[in-house]
Amino acid sequence: EKAMEFFGHVWAAGTSDKQPVTAPPMMTAQYASAMLDANQPDKAIEVLQPALERYADNSDLESLLIEACRQAGKDTQAGQLIQIMARAYKVREGSGTISPALAAELGWFYATTQPHPSLAVVYAGRAITSDPNNPVCQRIMGAAELIGDQVKQGMARLEKLLGKDIYASVLLAERYQAAGDKENLRKAVLAAVPLGASGPAWRKLREIAAKNQIELPAPKGRDEALALLKDLPPDCLRML
């Protein structure tokens with residue numbers, strides 16, 4: 001809620017001329033993500049929809065809009081957005097050489113958003129070949145292995161990423177939750193705590209923790225930051 005005060009101020013300052021949204025994609029993603037952190041999916045949708053008209057095929061904004069629709073109970077709209085992403089990716093797949101960055105995007109999309117085991121492994125493999133020690137590439141391969149016939153291998157790969165990648169914690173936690181393995185579930189959830197308290201992966205983890213009565217400690221430095229903000233005069237933002 002406190003973060004929203006600052007994001008809201010910057011956003012309002014950037015759109016004070018009443019023109020269509022011109023904020024950079026990264027700023028838009030940060031603002032929408034903060035709204036989702038604060039359980040305000042409808043407001044996030046209002047920000048993301050016009051932004052995607054300007055920045056078409058931006059996968060970060062698309063993924064946030066899908067999440068916002070699901071959080072708002074608009075599952076049909078979320079499904080339509082996934083189909084739009086799938087068609088756009090098919091065009092890019094057939095357009096020629098696929099860069100390692102696009103291979104990583106495709107691997108993650110086919111491993112999590114629109115599951116397709118064989119395609120997920122193929123694209124995750126291309127991504128990991130380009131950067132074998134990259135935790136994100138390792139996580140994408142782990143996710144791909146989980147939806148195929150290499151579950152044990154995927155679990156082992158993701159366990160090595162605990163404490164390094166929040167999505168690894170989410171993927172493992174979902175498996176442990178389904179298996180009723182409470183001990184490893186708790187371990188996977190708590191391993192992500194030092195990595196941050198915002199973003200799509202964190203929100204999924206927060207949901208899993210709440211469902212399983214796992215208390216998440218406050219992010220490091222939160223209380224100190226809130227104490228400092230108490231002394232910030234309200235008119236500082238207007239001056240800025």
# chains A, B, ... in the order shown; residues from 1 in each chain; ligands from 1
$ residues_around --residues "A:Ala104" --least-positions-apart "5" --cutoff "7 Å" --atoms "only C-alpha atoms" --output "list in words"
Tyr123, Ala124, Ala127 and Cys137 of chain A
$ residues_around --residues "A:Ala23" --least-positions-apart "3" --cutoff "9 Å" --atoms "only C-alpha atoms" --output "JSON, numbers by chain"
{"A": [11, 14, 15, 26, 27, 28, 51]}
$ write_last_selection --atoms "N, CA, C and O atoms" --output "compact mmCIF listing (two decimals), in the first residue's frame"
# COMPACT_ATOMS: atom_id res chain seq x y z
N TRP A 11 3.21 7.97 -11.70
CA TRP A 11 2.32 7.70 -12.83
C TRP A 11 1.46 8.94 -13.15
O TRP A 11 1.32 9.33 -14.31
N GLY A 14 3.40 11.64 -14.85
CA GLY A 14 3.72 11.34 -16.25
C GLY A 14 2.54 11.44 -17.19
O GLY A 14 2.70 11.50 -18.40
N THR A 15 1.32 11.44 -16.64
CA THR A 15 0.13 11.48 -17.50
C THR A 15 -0.71 12.72 -17.22
O THR A 15 -1.89 12.74 -17.52
N MET A 26 8.80 -0.79 -18.78
CA MET A 26 9.28 -1.22 -17.47
C MET A 26 8.54 -0.51 -16.34
O MET A 26 8.16 -1.12 -15.35
N MET A 27 8.31 0.80 -16.50
CA MET A 27 7.58 1.55 -15.49
C MET A 27 6.14 1.03 -15.38
O MET A 27 5.60 0.86 -14.28
N THR A 28 5.54 0.77 -16.53
CA THR A 28 4.17 0.25 -16.54
C THR A 28 4.11 -1.10 -15.83
O THR A 28 3.19 -1.35 -15.03
N ALA A 51 -1.69 0.10 -22.32
CA ALA A 51 -0.25 0.01 -22.52
C ALA A 51 0.08 -1.03 -23.59
O ALA A 51 0.99 -0.84 -24.41
$ closest_residue --among "A:Leu171, A:Ala29, A:Leu161, A:Ala86" --to "A:Leu65" --atoms "only C-alpha atoms"
A:Ala29
$ select_by_dssp --residues "stretch 19-64 of chain A" --states "alpha helix (DSSP H)" --output "PyMOL selection string"
chain A and resi 25-37+41-54+59-64
$ write_last_selection --atoms "N, CA, C and O atoms" --output "CSV table (one decimal), in the first residue's frame"
chain,number,residue,atom,x,y,z
A,25,PRO,N,7.6,0.7,-20.9
A,25,PRO,CA,7.1,-0.6,-20.5
A,25,PRO,C,7.5,-1.0,-19.1
A,25,PRO,O,6.7,-1.6,-18.4
A,26,MET,N,8.8,-0.8,-18.8
A,26,MET,CA,9.3,-1.2,-17.5
A,26,MET,C,8.5,-0.5,-16.3
A,26,MET,O,8.2,-1.1,-15.3
A,27,MET,N,8.3,0.8,-16.5
A,27,MET,CA,7.6,1.5,-15.5
A,27,MET,C,6.1,1.0,-15.4
A,27,MET,O,5.6,0.9,-14.3
A,28,THR,N,5.5,0.8,-16.5
A,28,THR,CA,4.2,0.2,-16.5
A,28,THR,C,4.1,-1.1,-15.8
A,28,THR,O,3.2,-1.4,-15.0
A,29,ALA,N,5.1,-2.0,-16.1
A,29,ALA,CA,5.1,-3.3,-15.5
A,29,ALA,C,5.3,-3.1,-14.0
A,29,ALA,O,4.6,-3.8,-13.2
A,30,GLN,N,6.2,-2.2,-13.5
A,30,GLN,CA,6.4,-2.0,-12.1
A,30,GLN,C,5.1,-1.5,-11.4
A,30,GLN,O,4.8,-2.0,-10.3
A,31,TYR,N,4.4,-0.6,-12.0
A,31,TYR,CA,3.2,0.0,-11.5
A,31,TYR,C,2.1,-1.1,-11.4
A,31,TYR,O,1.5,-1.3,-10.3
A,32,ALA,N,1.9,-1.8,-12.5
A,32,ALA,CA,0.9,-2.9,-12.5
A,32,ALA,C,1.2,-4.0,-11.5
A,32,ALA,O,0.3,-4.5,-10.8
A,33,SER,N,2.5,-4.3,-11.4
A,33,SER,CA,2.9,-5.4,-10.4
A,33,SER,C,2.6,-4.9,-9.0
A,33,SER,O,2.2,-5.7,-8.1
A,34,ALA,N,2.9,-3.6,-8.7
A,34,ALA,CA,2.6,-3.1,-7.4
A,34,ALA,C,1.1,-3.2,-7.1
A,34,ALA,O,0.7,-3.4,-5.9
A,35,MET,N,0.3,-2.9,-8.1
A,35,MET,CA,-1.2,-3.0,-7.9
A,35,MET,C,-1.6,-4.4,-7.5
A,35,MET,O,-2.4,-4.7,-6.7
A,36,LEU,N,-1.0,-5.4,-8.2
A,36,LEU,CA,-1.3,-6.8,-8.0
A,36,LEU,C,-0.8,-7.2,-6.6
A,36,LEU,O,-1.4,-8.0,-5.9
A,37,ASP,N,0.4,-6.7,-6.2
A,37,ASP,CA,0.9,-6.9,-4.8
A,37,ASP,C,-0.1,-6.5,-3.8
A,37,ASP,O,-0.3,-7.1,-2.8
A,41,PRO,N,-6.4,-5.9,-8.8
A,41,PRO,CA,-6.3,-6.4,-10.2
A,41,PRO,C,-7.1,-5.5,-11.2
A,41,PRO,O,-6.6,-5.4,-12.3
A,42,ASP,N,-8.2,-5.0,-10.8
A,42,ASP,CA,-9.0,-4.2,-11.7
A,42,ASP,C,-8.3,-3.0,-12.1
A,42,ASP,O,-8.3,-2.6,-13.3
A,43,LYS,N,-7.6,-2.3,-11.2
A,43,LYS,CA,-6.8,-1.1,-11.5
A,43,LYS,C,-5.7,-1.5,-12.4
A,43,LYS,O,-5.3,-0.8,-13.3
A,44,ALA,N,-5.1,-2.7,-12.1
A,44,ALA,CA,-3.9,-3.1,-13.0
A,44,ALA,C,-4.4,-3.3,-14.4
A,44,ALA,O,-3.7,-3.0,-15.4
A,45,ILE,N,-5.6,-3.9,-14.6
A,45,ILE,CA,-6.1,-4.1,-15.9
A,45,ILE,C,-6.3,-2.8,-16.7
A,45,ILE,O,-6.0,-2.7,-17.8
A,46,GLU,N,-6.8,-1.8,-15.9
A,46,GLU,CA,-7.0,-0.5,-16.5
A,46,GLU,C,-5.7,0.1,-17.1
A,46,GLU,O,-5.7,0.9,-18.0
A,47,VAL,N,-4.6,-0.2,-16.4
A,47,VAL,CA,-3.3,0.4,-16.8
A,47,VAL,C,-2.7,-0.5,-17.9
A,47,VAL,O,-2.1,0.1,-18.9
A,48,LEU,N,-2.8,-1.8,-17.8
A,48,LEU,CA,-2.2,-2.7,-18.8
A,48,LEU,C,-2.8,-2.7,-20.1
A,48,LEU,O,-2.1,-2.8,-21.2
A,49,GLN,N,-4.1,-2.7,-20.2
A,49,GLN,CA,-4.8,-2.8,-21.5
A,49,GLN,C,-4.4,-1.7,-22.5
A,49,GLN,O,-3.9,-2.0,-23.6
A,50,PRO,N,-4.4,-0.4,-22.1
A,50,PRO,CA,-4.0,0.6,-23.1
A,50,PRO,C,-2.5,0.6,-23.3
A,50,PRO,O,-2.0,0.9,-24.4
A,51,ALA,N,-1.7,0.1,-22.3
A,51,ALA,CA,-0.2,0.0,-22.5
A,51,ALA,C,0.1,-1.0,-23.6
A,51,ALA,O,1.0,-0.8,-24.4
A,52,LEU,N,-0.7,-2.1,-23.6
A,52,LEU,CA,-0.4,-3.2,-24.6
A,52,LEU,C,-0.9,-2.8,-26.0
A,52,LEU,O,-0.4,-3.3,-27.0
A,53,GLU,N,-1.8,-1.8,-26.1
A,53,GLU,CA,-2.1,-1.3,-27.4
A,53,GLU,C,-0.9,-0.5,-28.0
A,53,GLU,O,-0.7,-0.5,-29.2
A,54,ARG,N,-0.1,0.1,-27.1
A,54,ARG,CA,1.1,0.9,-27.5
A,54,ARG,C,2.3,0.0,-27.7
A,54,ARG,O,3.1,0.1,-28.6
A,59,SER,N,5.9,-9.3,-23.7
A,59,SER,CA,5.6,-10.5,-22.9
A,59,SER,C,5.4,-10.2,-21.4
A,59,SER,O,4.6,-10.9,-20.7
A,60,ASP,N,6.2,-9.3,-20.9
A,60,ASP,CA,6.1,-9.0,-19.5
A,60,ASP,C,4.7,-8.3,-19.2
A,60,ASP,O,4.0,-8.7,-18.2
A,61,LEU,N,4.3,-7.4,-20.0
A,61,LEU,CA,3.0,-6.8,-19.8
A,61,LEU,C,1.8,-7.8,-20.1
A,61,LEU,O,0.8,-7.8,-19.4
A,62,GLU,N,2.0,-8.6,-21.1
A,62,GLU,CA,1.0,-9.6,-21.4
A,62,GLU,C,0.8,-10.6,-20.2
A,62,GLU,O,-0.3,-10.9,-19.8
A,63,SER,N,1.9,-11.0,-19.6
A,63,SER,CA,1.8,-12.0,-18.5
A,63,SER,C,1.2,-11.3,-17.3
A,63,SER,O,0.4,-12.0,-16.6
A,64,LEU,N,1.5,-10.1,-17.1
A,64,LEU,CA,0.9,-9.4,-15.9
A,64,LEU,C,-0.6,-9.2,-16.2
A,64,LEU,O,-1.4,-9.3,-15.2
$ closest_residue --among "A:Thr129, A:Gln71, A:Ile147, A:Ser169" --to "A:Pro115" --atoms "only C-alpha atoms"
A:Ile147
$ residues_around --residues "A:Gly142" --least-positions-apart "3" --cutoff "7 Å" --atoms "only C-alpha atoms" --output "list in words"
Gln138, Arg139, Glu145, Leu146, Gly154, Met155, Arg157 and Leu158 of chain A
$ residues_around --residues "A:Leu172" --least-positions-apart "2" --cutoff "10 Å" --atoms "only C-alpha atoms" --output "list in words"
Gly142, Ala143, Leu146, Gly154, Met155, Ala156, Leu158, Glu159, Leu162, Tyr167, Ala168, Ser169, Val170, Glu174, Arg175, Tyr176, Gln177, Ala178, Asn184, Leu185, Lys187, Ala188 and Val189 of chain A
$ residues_around --residues "A:Leu119" --least-positions-apart "4" --cutoff "12 Å" --atoms "only C-alpha atoms" --output "JSON, numbers by chain"
{"A": [90, 93, 103, 104, 105, 106, 107, 108, 109, 110, 111, 112, 114, 115, 123, 124, 125, 126, 141, 144, 145, 147, 148]}
$ write_last_selection --atoms "C-alpha atoms" --output "CSV table (one decimal), in the first residue's frame"
chain,number,residue,atom,x,y,z
A,90,LYS,CA,4.1,-19.0,-33.6
A,93,GLU,CA,9.0,-19.1,-34.3
A,103,ALA,CA,14.3,-19.4,-26.8
A,104,ALA,CA,14.1,-18.7,-23.1
A,105,GLU,CA,10.7,-16.9,-23.5
A,106,LEU,CA,9.3,-19.8,-25.6
A,107,GLY,CA,10.6,-22.4,-23.2
A,108,TRP,CA,8.9,-20.7,-20.3
A,109,PHE,CA,5.7,-20.1,-22.2
A,110,TYR,CA,5.4,-23.7,-23.2
A,111,ALA,CA,6.4,-25.0,-19.7
A,112,THR,CA,4.0,-22.9,-17.7
A,114,GLN,CA,0.4,-23.1,-22.4
A,115,PRO,CA,2.0,-26.4,-21.5
A,123,TYR,CA,13.4,-24.3,-26.4
A,124,ALA,CA,14.7,-24.6,-22.9
A,125,GLY,CA,17.6,-26.6,-24.3
A,126,ARG,CA,18.5,-23.9,-26.7
A,141,MET,CA,14.6,-26.3,-18.1
A,144,ALA,CA,10.0,-28.0,-18.8
A,145,GLU,CA,11.2,-31.3,-17.3
A,147,ILE,CA,5.6,-31.3,-17.3
A,148,GLY,CA,7.2,-34.1,-19.3
$ decode --residues "stretch 124-168 of chain A" --atoms "N, CA and C atoms" --output "mmCIF file, in the first residue's frame"
data_model
loop_
_atom_site.group_PDB
_atom_site.id
_atom_site.type_symbol
_atom_site.label_atom_id
_atom_site.label_comp_id
_atom_site.auth_asym_id
_atom_site.auth_seq_id
_atom_site.Cartn_x
_atom_site.Cartn_y
_atom_site.Cartn_z
ATOM 1 N N ALA A 124 13.887 -24.699 -24.077
ATOM 2 C CA ALA A 124 14.685 -24.573 -22.856
ATOM 3 C C ALA A 124 16.106 -25.059 -23.119
ATOM 4 N N GLY A 125 16.233 -26.123 -23.918
ATOM 5 C CA GLY A 125 17.552 -26.650 -24.270
ATOM 6 C C GLY A 125 18.383 -25.638 -25.040
ATOM 7 N N ARG A 126 17.747 -24.933 -25.973
ATOM 8 C CA ARG A 126 18.469 -23.906 -26.742
ATOM 9 C C ARG A 126 18.938 -22.778 -25.821
ATOM 10 N N ALA A 127 18.067 -22.393 -24.888
ATOM 11 C CA ALA A 127 18.421 -21.306 -23.968
ATOM 12 C C ALA A 127 19.577 -21.705 -23.067
ATOM 13 N N ILE A 128 19.523 -22.922 -22.548
ATOM 14 C CA ILE A 128 20.537 -23.363 -21.593
ATOM 15 C C ILE A 128 21.875 -23.618 -22.286
ATOM 16 N N THR A 129 21.850 -23.972 -23.552
ATOM 17 C CA THR A 129 23.093 -24.172 -24.309
ATOM 18 C C THR A 129 23.856 -22.855 -24.440
ATOM 19 N N SER A 130 23.120 -21.770 -24.570
ATOM 20 C CA SER A 130 23.759 -20.464 -24.738
ATOM 21 C C SER A 130 24.355 -19.935 -23.443
ATOM 22 N N ASP A 131 23.813 -20.399 -22.294
ATOM 23 C CA ASP A 131 24.299 -19.895 -20.999
ATOM 24 C C ASP A 131 24.027 -20.951 -19.919
ATOM 25 N N PRO A 132 24.842 -22.012 -19.883
ATOM 26 C CA PRO A 132 24.586 -23.166 -19.012
ATOM 27 C C PRO A 132 24.480 -22.850 -17.521
ATOM 28 N N ASN A 133 25.169 -21.816 -17.060
ATOM 29 C CA ASN A 133 25.184 -21.523 -15.627
ATOM 30 C C ASN A 133 24.170 -20.463 -15.207
ATOM 31 N N ASN A 134 23.348 -20.031 -16.141
ATOM 32 C CA ASN A 134 22.341 -19.016 -15.840
ATOM 33 C C ASN A 134 21.192 -19.647 -15.055
ATOM 34 N N PRO A 135 20.919 -19.162 -13.824
ATOM 35 C CA PRO A 135 19.846 -19.751 -13.011
ATOM 36 C C PRO A 135 18.476 -19.694 -13.686
ATOM 37 N N VAL A 136 18.218 -18.635 -14.449
ATOM 38 C CA VAL A 136 16.926 -18.520 -15.127
ATOM 39 C C VAL A 136 16.786 -19.614 -16.183
ATOM 40 N N CYS A 137 17.838 -19.833 -16.964
ATOM 41 C CA CYS A 137 17.799 -20.900 -17.970
ATOM 42 C C CYS A 137 17.653 -22.268 -17.316
ATOM 43 N N GLN A 138 18.346 -22.470 -16.199
ATOM 44 C CA GLN A 138 18.229 -23.732 -15.467
ATOM 45 C C GLN A 138 16.803 -23.924 -14.955
ATOM 46 N N ARG A 139 16.212 -22.831 -14.460
ATOM 47 C CA ARG A 139 14.834 -22.916 -13.956
ATOM 48 C C ARG A 139 13.843 -23.242 -15.074
ATOM 49 N N ILE A 140 14.045 -22.627 -16.238
ATOM 50 C CA ILE A 140 13.153 -22.897 -17.368
ATOM 51 C C ILE A 140 13.251 -24.363 -17.779
ATOM 52 N N MET A 141 14.464 -24.895 -17.806
ATOM 53 C CA MET A 141 14.624 -26.314 -18.138
ATOM 54 C C MET A 141 13.969 -27.188 -17.078
ATOM 55 N N GLY A 142 14.137 -26.825 -15.807
ATOM 56 C CA GLY A 142 13.488 -27.586 -14.733
ATOM 57 C C GLY A 142 11.980 -27.596 -14.882
ATOM 58 N N ALA A 143 11.406 -26.442 -15.233
ATOM 59 C CA ALA A 143 9.958 -26.354 -15.430
ATOM 60 C C ALA A 143 9.517 -27.216 -16.599
ATOM 61 N N ALA A 144 10.327 -27.219 -17.660
ATOM 62 C CA ALA A 144 10.009 -28.036 -18.833
ATOM 63 C C ALA A 144 10.054 -29.525 -18.491
ATOM 64 N N GLU A 145 11.052 -29.911 -17.708
ATOM 65 C CA GLU A 145 11.174 -31.321 -17.336
ATOM 66 C C GLU A 145 10.017 -31.770 -16.443
ATOM 67 N N LEU A 146 9.506 -30.868 -15.622
ATOM 68 C CA LEU A 146 8.415 -31.228 -14.716
ATOM 69 C C LEU A 146 7.133 -31.606 -15.445
ATOM 70 N N ILE A 147 6.884 -30.980 -16.591
ATOM 71 C CA ILE A 147 5.626 -31.266 -17.287
ATOM 72 C C ILE A 147 5.775 -32.421 -18.277
ATOM 73 N N GLY A 148 6.987 -32.939 -18.402
ATOM 74 C CA GLY A 148 7.216 -34.074 -19.290
ATOM 75 C C GLY A 148 7.429 -35.355 -18.509
ATOM 76 N N ASP A 149 8.329 -36.184 -19.008
ATOM 77 C CA ASP A 149 8.582 -37.473 -18.356
ATOM 78 C C ASP A 149 9.920 -37.477 -17.628
ATOM 79 N N GLN A 150 10.398 -36.280 -17.258
ATOM 80 C CA GLN A 150 11.672 -36.183 -16.550
ATOM 81 C C GLN A 150 11.472 -35.446 -15.216
ATOM 82 N N VAL A 151 10.455 -35.858 -14.494
ATOM 83 C CA VAL A 151 10.069 -35.148 -13.271
ATOM 84 C C VAL A 151 11.185 -35.177 -12.227
ATOM 85 N N LYS A 152 11.777 -36.343 -11.993
ATOM 86 C CA LYS A 152 12.846 -36.439 -10.983
ATOM 87 C C LYS A 152 14.024 -35.543 -11.336
ATOM 88 N N GLN A 153 14.376 -35.532 -12.601
ATOM 89 C CA GLN A 153 15.484 -34.695 -13.055
ATOM 90 C C GLN A 153 15.144 -33.215 -12.870
ATOM 91 N N GLY A 154 13.905 -32.868 -13.183
ATOM 92 C CA GLY A 154 13.467 -31.490 -13.016
ATOM 93 C C GLY A 154 13.460 -31.059 -11.563
ATOM 94 N N MET A 155 12.980 -31.925 -10.686
ATOM 95 C CA MET A 155 12.957 -31.616 -9.252
ATOM 96 C C MET A 155 14.374 -31.388 -8.731
ATOM 97 N N ALA A 156 15.298 -32.268 -9.136
ATOM 98 C CA ALA A 156 16.695 -32.143 -8.688
ATOM 99 C C ALA A 156 17.317 -30.847 -9.192
ATOM 100 N N ARG A 157 17.005 -30.493 -10.420
ATOM 101 C CA ARG A 157 17.551 -29.265 -11.005
ATOM 102 C C ARG A 157 17.030 -28.039 -10.246
ATOM 103 N N LEU A 158 15.737 -28.044 -9.950
ATOM 104 C CA LEU A 158 15.130 -26.901 -9.270
ATOM 105 C C LEU A 158 15.571 -26.792 -7.808
ATOM 106 N N GLU A 159 15.800 -27.932 -7.170
ATOM 107 C CA GLU A 159 16.255 -27.907 -5.769
ATOM 108 C C GLU A 159 17.609 -27.216 -5.631
ATOM 109 N N LYS A 160 18.435 -27.313 -6.670
ATOM 110 C CA LYS A 160 19.733 -26.636 -6.648
ATOM 111 C C LYS A 160 19.580 -25.111 -6.728
ATOM 112 N N LEU A 161 18.399 -24.666 -7.150
ATOM 113 C CA LEU A 161 18.159 -23.228 -7.313
ATOM 114 C C LEU A 161 17.453 -22.599 -6.116
ATOM 115 N N LEU A 162 17.129 -23.403 -5.106
ATOM 116 C CA LEU A 162 16.465 -22.849 -3.927
ATOM 117 C C LEU A 162 17.355 -21.783 -3.296
ATOM 118 N N GLY A 163 16.758 -20.650 -2.987
ATOM 119 C CA GLY A 163 17.513 -19.545 -2.423
ATOM 120 C C GLY A 163 18.143 -18.656 -3.478
ATOM 121 N N LYS A 164 18.011 -19.041 -4.758
ATOM 122 C CA LYS A 164 18.572 -18.253 -5.859
ATOM 123 C C LYS A 164 17.496 -17.746 -6.811
ATOM 124 N N ASP A 165 16.375 -18.439 -6.886
ATOM 125 C CA ASP A 165 15.341 -18.119 -7.867
ATOM 126 C C ASP A 165 13.965 -18.371 -7.238
ATOM 127 N N ILE A 166 13.122 -17.331 -7.220
ATOM 128 C CA ILE A 166 11.816 -17.466 -6.565
ATOM 129 C C ILE A 166 10.921 -18.442 -7.319
ATOM 130 N N TYR A 167 10.977 -18.414 -8.656
ATOM 131 C CA TYR A 167 10.129 -19.325 -9.421
ATOM 132 C C TYR A 167 10.472 -20.784 -9.138
ATOM 133 N N ALA A 168 11.744 -21.066 -8.863
ATOM 134 C CA ALA A 168 12.123 -22.437 -8.511
ATOM 135 C C ALA A 168 11.383 -22.866 -7.247
#
